[in-house]
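Asks: Following this message is one structure expressed as structure tokens.
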Amino acid sequence: MAADAVIIVTGAVLLVAVGMGTAQDPHSSATARSRDVPFLMWLAVWGVPVVAAVESVMHARLRMPVTAVVQGLFTLACTFLAVAWTRMLLS
């Protein structure tokens, strides 16, 4: 459970850091940006929520309700971060 929290906080910090680093200056002219994102980047962004969902289902099947709920919440947080990363990568 603590490891899940550390992963979420680290992901959020990286999201903010990379987002701030790639943000355009509001006073600069708009330039065309490439939408070519490597496959490995998509795998990294969406792989964590998929693994978290699989772990949540696995814990539910093993009849570990508390752990399954925590993993479910972790899955929701990872999905939210993945959507935010996707929007950032495509902007």
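Identifiers in this document derive from the order of the structure tokens: chains are assigned A, B, ..., residues are numbered from 1 separately in each chain, and ligands are numbered from 1 in order of occurrence.
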Name all residues at most 7 Å from A:Trp46 (count only C-alpha atoms; drop same-chain ones fewer than 4 positions away) and give them as a count of residues only.
Replies: 3
Asks: Mind giving me the straight-line distance from atom CA of A:Ala52 to atom CA of A:Ser91 in Å, one decimal?
Replies: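 Distance between the two atoms: 26.1 Å.
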Asks: Measure the distance from atom CA of A:Val66 to atom CA of A:Trp85 in Å and round it to one decimal.
Replies: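 For atom CA of A:Val66 relative to atom CA of A:Trp85, the distance reads 28.6 Å.
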Asks: Would you mind reading off the distance between atom CA of A:Leu43 and atom CA of A:Val83, one decimal, in Å?
Replies: 13.0 Å
Asks: Which polymer residues have any atom within 12 Å of an atom of A:Val57, counting only C-alpha atoms, with same-chain residues fewer than 2 positions away left out, as a list of chain:residue names?
Replies: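 The residues that qualify are A:Val50, A:Val51, A:Ala52, A:Ala53, A:Val54, A:Glu55, A:His59, A:Ala60, A:Arg61, A:Leu62, A:Arg63, A:Met64, A:Pro65, A:Thr67, A:Ala68, A:Val69, A:Val70, A:Gln71, A:Gly72, A:Thr75.
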